[in-house]
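The block underneath contains the structure these notes are about, expressed in structure tokens.
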Amino acid sequence: MLTFLLRRLAASLVVLLVASYVVYVITCFSGDPLQDLRQSTSPNKAGLIAQRTALMHLDVSPFLRYFIWFGGLLKGFTGHFTLGVTSGGQAVTGQLTAAVGSTFQLVTGATLIAIVIGVALGVVTALRQYTAFDYGTTMMAFVFFSLPSFWLAVLLKEYLAIDFNNFLGHPVVPPVVIAIVALVAGVVAWSITERGRSRWWFVGGTMVVIAAFLTFISLTHWLDNPGLTIGGVAVLGVATAFGVSYLTAGKENKRSLYAALTTALVGVVLYYPLEWTVFSSMSMPLFLFLGVVAIAVGALVGWLWGGPDRRVSMRTGGVVAFLTAGYIAVDRFMQDWNTYVNSTYVNGRPIATIGSQTPNFDGDFWFTYIDRITHLALPTISLALISLAGYSRYARASMLDVMNQDYIRTARSKGLTERAVVMRHAFRNALIPVVTIVTLDFGALISGAIVTENVFSFQGMGDLFIAGVTAVDPNTIMGVFLVTGIWAIAFNVIADVLYSALDPRIRVTS
Amino acid sequence: MRKIMGRLVPAVAVASVAAVALAGCGSKSTGLVESSTVTFSYNGPVTSLWEGTANQYSTYNANVAALTNTGFNYYGLKNGTPSLVKNTNFGSYSEVSKSPLTLKLHVNKGVTWSDGAQVDAADILLSWASGLSKYNNPKGPVNFNAVGAYAGTGLDLLNTPKVDPDGLGMTVSFKKPYVDWEVSVGSTVNGLSPGLPAHIAYELAFPSFKGSATQADAAVQKAILTGDQATMAKLGKVWANSWNVSSMPSDKRLLVSDGPYVVSGFQKNQSISFKRRDDFTGEPKKPAIQNLTLRFITDATSQVQALQNGEVQMIQGQPSTDTVAAVNKLNNVHVDTFAGSSYEHVDLNMKVGNGTFDPATYGGGAAGAKKALMVRQAFLKALPRQEIIDKLIKPLQPDAKIDDSSLFLPGTPAYTKDVATNGTKAYDKTDVAGAKALLKKAGVSNPTVRFTYPNDNPRRVSEYQLIQASEQQAGFNIKPVAMTTAKYFPFLEGGGYDASIFAWQFTSLAYTGNQAAYTSTGGENFNHYSNPQSDKLWGQIASSTGTADQTNALMAKVDKNLVTDAATMPLFQFPEMSAWSTKLSGVSDNPIASGMNTLWDPWDWTVAK
């Protein structure tokens, strides 16, 4: 395994090196770096051209100029590593750091959301193959997939930002809209259930719950001052406990259910103490740490409930704890919502159309992240909608493939419940090819989403690349190339390792 | 199992009750510090805190200088057209002698940098010295890398200045008369108004220096006046590099400003914020607005939507018919479309192999020259100038008019005078019949014109199509030579075409701004235009010591020659658009502001609650 990895890395490095030379030379010949100066009317034109020629070493042939840049890399051995300067005279490394940061901010959330929802949709559509839901989802996925991203962004800004902000000024949903939304939800509910009497109960229930929720929002102006309160956290926590326990352990596993319920209850009990203690001095590391603590507590509860398969209970407890902690956090964010919306920073219009944060925003952890979330909402939705289609297709195909295998028939014939067949036997194996695709996608993630970055004013890797191309600035291009190249190689290797780890049939030999 | 549940339930119940009981004690303080700001957006990011270096001189970075630098004069608006206005709150200047040209400058006492140091002669000297050609050698020991290092002209030909005893002013004399001295006096980039703070530059150049700002200024002054190479080399390095940062610097000395505002926040590629300086007395008027934020939004539609969503209160960018339509639909938004300072024109190449407009093609000599002139005139007659305005510009700027002068900015009094005599008016109407007649008279039938234009610029493609249709009617055989903008300018310099379209830009009202494009040996004279009389006139203009009217009259003569020789024809000024929330008042567009067109007078802005 190790020799395989080393060989793989060495080969990649050679490819990277050769490619870097080719990219450098191609970049140099791709245009005229003095173009903007040539149309200058400045009496100092010759001087300006001389300055840029000296800065960018334009008097050296590109074939040799590469080695000036490469020399900067080699200086890393003496501690003077440099990727050179941009045509604007600034260090490429500084530009790269900033660009990588904003690209990650932009695409990480979107990719995670797209994976979770995409895989879930894929699995459900596979289980309900050739139903209205399957066709409907497939159609919508392809519609979003084929929408031009700049256009989707403009639409989102128009409806989810500008119109939604208008709506928030007076957050009352008209009865007609409530009826339509409930109806649509009913159709979706109808399409994912199977024939039978329980289907109509499910459809009716969904419609009533949706309608009741929207009416509640309208009557109480909930969106003005949203919040779950301890009651909401309790209701959601218990519901989650039942749901998660059913999916991971099955109806018959009572210990798992009790572990889940206890965990949810612990969450509810901690609701106020958390508020008074750690929440007032929250920071991102602490926030993440608390998430880990929650999982540990849930697992501990599962362990304490014991039984023959402790591990199942622990898993259920961990998942429920994580989600319940999430509800408490969401509730805490909601408590500051009203103050945020009415602050001078946003003046009643919280959903932003550009940038990653309000300039000069001065608030604590909760306010800062409300501000981040309102800014990231639109770009995240737009990127997620576009990449959702791919994941749902892969997951669906892979799930269908697995469901038609012999061992699934065997599992069914030995009398396993459908839940056990799907969750334990089919779903896990269906994930193997999806994991490879997801890993490779993460590898491509850093190269940025050029159009989306531009429309939402996130100057990330895509934007830096474009800037480099326009300025015919090989140093900038090479910086982007190096980072994306190394990142892609790393994730290719990770994909190989993961694949062999997940699928015991595959053995890597050198 | 039941046993466990039995023990657990009471415990949980007790804990819950305790929790609810404790809930009453909690009091939450809000974690939000409010502040209000006026936000405006421009179509590109600020990439450097200092615009004066060759590689950071851009309209984007000019926005910083507009708020953080003040000079002896600035471009204001007089009856809606730009003109130079003295800023007497900052200091005074006067011309004490015409021969040799001698000026006296003096900064008012109490006009300070934002760190409290007085603005003084050392700051002016640094601004001037940084632009001297001897200090701008990319391969030499001293390199300020300044954008305004104009070798052999203007401030390069200054005798060593004499600093006043109080250290706040100086007397400067020129080796050669310089017509645009007043523009240079007001320039904060390599001019005679302060740009970067000399004392900070010195402190950065000599980190071990521990003296006061006055001592640092004295050291800079001495180095410049005595030409101390070693010190200048260090100052040059700092001047060229230290301010070249694209996010909030850790060294707050880089933010020191001598303008009405000081940078208070700088988020890379996102925004830059400014806070009003309440201790400053050098601006024409105290601004009413305390905080300003400039956001960088490159996409035009995004700018309009951000304005609509209230994230910004003012936008400016290159308009397209879509953005103009979108912004016109918005409520409570004031839209201002206006003619900018760039002007599009057609150049006819007068020296190129097989050139339709080249006298050599017709045998040269007086006869050939006359024939070529008639062909050129015919071509210009058939230019659909009004049609281009009507079809391409008016949708963006309803009050657009034909630009009739290659040398003056429309709207200025000098333009009106020039247009009355330069003869361009004769070409305002498209005259296909006249063009045909001229061609016939010249004895040239169906001449081929290699017309070059950048094909990645939609407006220029449309211009080409309109021109092509009209010229074809007049009997010209138009052969397109299309290429991308990237290849276009090297091509214009190289030749291989008969006619071209592109734009020049006025960035100041300097007389000599267009000299290089219209003199025989000028660096921007791509179409090889040559008129000995004009060359002589340019010489007179550059060293003119007469009144503005007299110099303008010389310019008008040059422009008349341009038209008589049928070398070039202006088409239109680029349409520009600004839009701002009606909550803002006192905002106006100045076509030749170096950054955002509205940013020239932030002290006139007020915001309604």
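Numbering starts fresh at 1 for the residues of each chain in the structure tokens, the chains themselves are lettered A, B, ... in the order given, and ligands are numbered from 1 as they appear.
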
Contact residues around region 36-39 of chain B with only C-alpha atoms at 7 Å, ignoring same-chain residues under 2 positions, as a ChimeraX atom specification: /A:344-345 /B:34,41,291-294,312-314

Write the residues of the selection above to a file with C-alpha atoms, as a PDB file, in the first residue's frame.
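Generated file (part23.pdb):
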ATOM      1  CA  THR A 344     -28.250  49.922  11.042  1.00  0.00           C
ATOM      2  CA  TYR A 345     -26.137  47.358   9.203  1.00  0.00           C
TER       3      TYR A 345
ATOM      4  CA  GLU B  34     -24.198  49.649  15.729  1.00  0.00           C
ATOM      5  CA  SER B  41     -20.002  50.530  -5.181  1.00  0.00           C
ATOM      6  CA  ASN B 291     -18.621  56.951   7.489  1.00  0.00           C
ATOM      7  CA  LEU B 292     -18.241  55.931   3.868  1.00  0.00           C
ATOM      8  CA  THR B 293     -17.831  52.418   2.537  1.00  0.00           C
ATOM      9  CA  LEU B 294     -16.826  51.470  -0.979  1.00  0.00           C
ATOM     10  CA  VAL B 312     -25.411  50.010  -1.443  1.00  0.00           C
ATOM     11  CA  GLN B 313     -26.768  53.513  -1.838  1.00  0.00           C
ATOM     12  CA  MET B 314     -24.872  54.482  -4.956  1.00  0.00           C
TER      13      MET B 314
END

Interface list for chain A, partner chain B, 7 Å threshold, only C-alpha atoms, as a PyMOL selection string: chain A and resi 31-32+35+38-39+41+43-44+48+50-51+54+87-90+162+269+272-273+276+343-345+353-355+359-360+362-364+367+454-455+457+459

Members of region 397-536 of chain B assigned helix (DSSP H, G or I) by DSSP, as a PyMOL selection string: chain B and resi 413-422+424-427+432-442+458-474+485-494+511-518+532-536

Shell of 10 Å around Asn225 (chain A), only C-alpha atoms, local chain residues under 2 positions omitted, as number ranges by chain: A: 220-223, 227, 334-339, 341

Long-range neighbours of region 125-130 of chain A as a PyMOL selection string, 7 Å cut-off, only C-alpha atoms, 5 positions minimum in chain: chain A and resi 135+192+396+399-400

Now that the selection is made, can you save its residues with C-alpha atoms as a PDB file, in the first residue's frame?
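The resulting file, result_1.pdb, is reproduced below:
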ATOM      1  CA  TYR A 135     -39.800  11.555 -12.776  1.00  0.00           C
ATOM      2  CA  ILE A 192     -43.321   9.307  -2.561  1.00  0.00           C
ATOM      3  CA  ARG A 396     -29.804   6.717  -7.879  1.00  0.00           C
ATOM      4  CA  MET A 399     -28.619   2.313  -5.523  1.00  0.00           C
ATOM      5  CA  LEU A 400     -30.619   0.721  -8.349  1.00  0.00           C
TER       6      LEU A 400
END
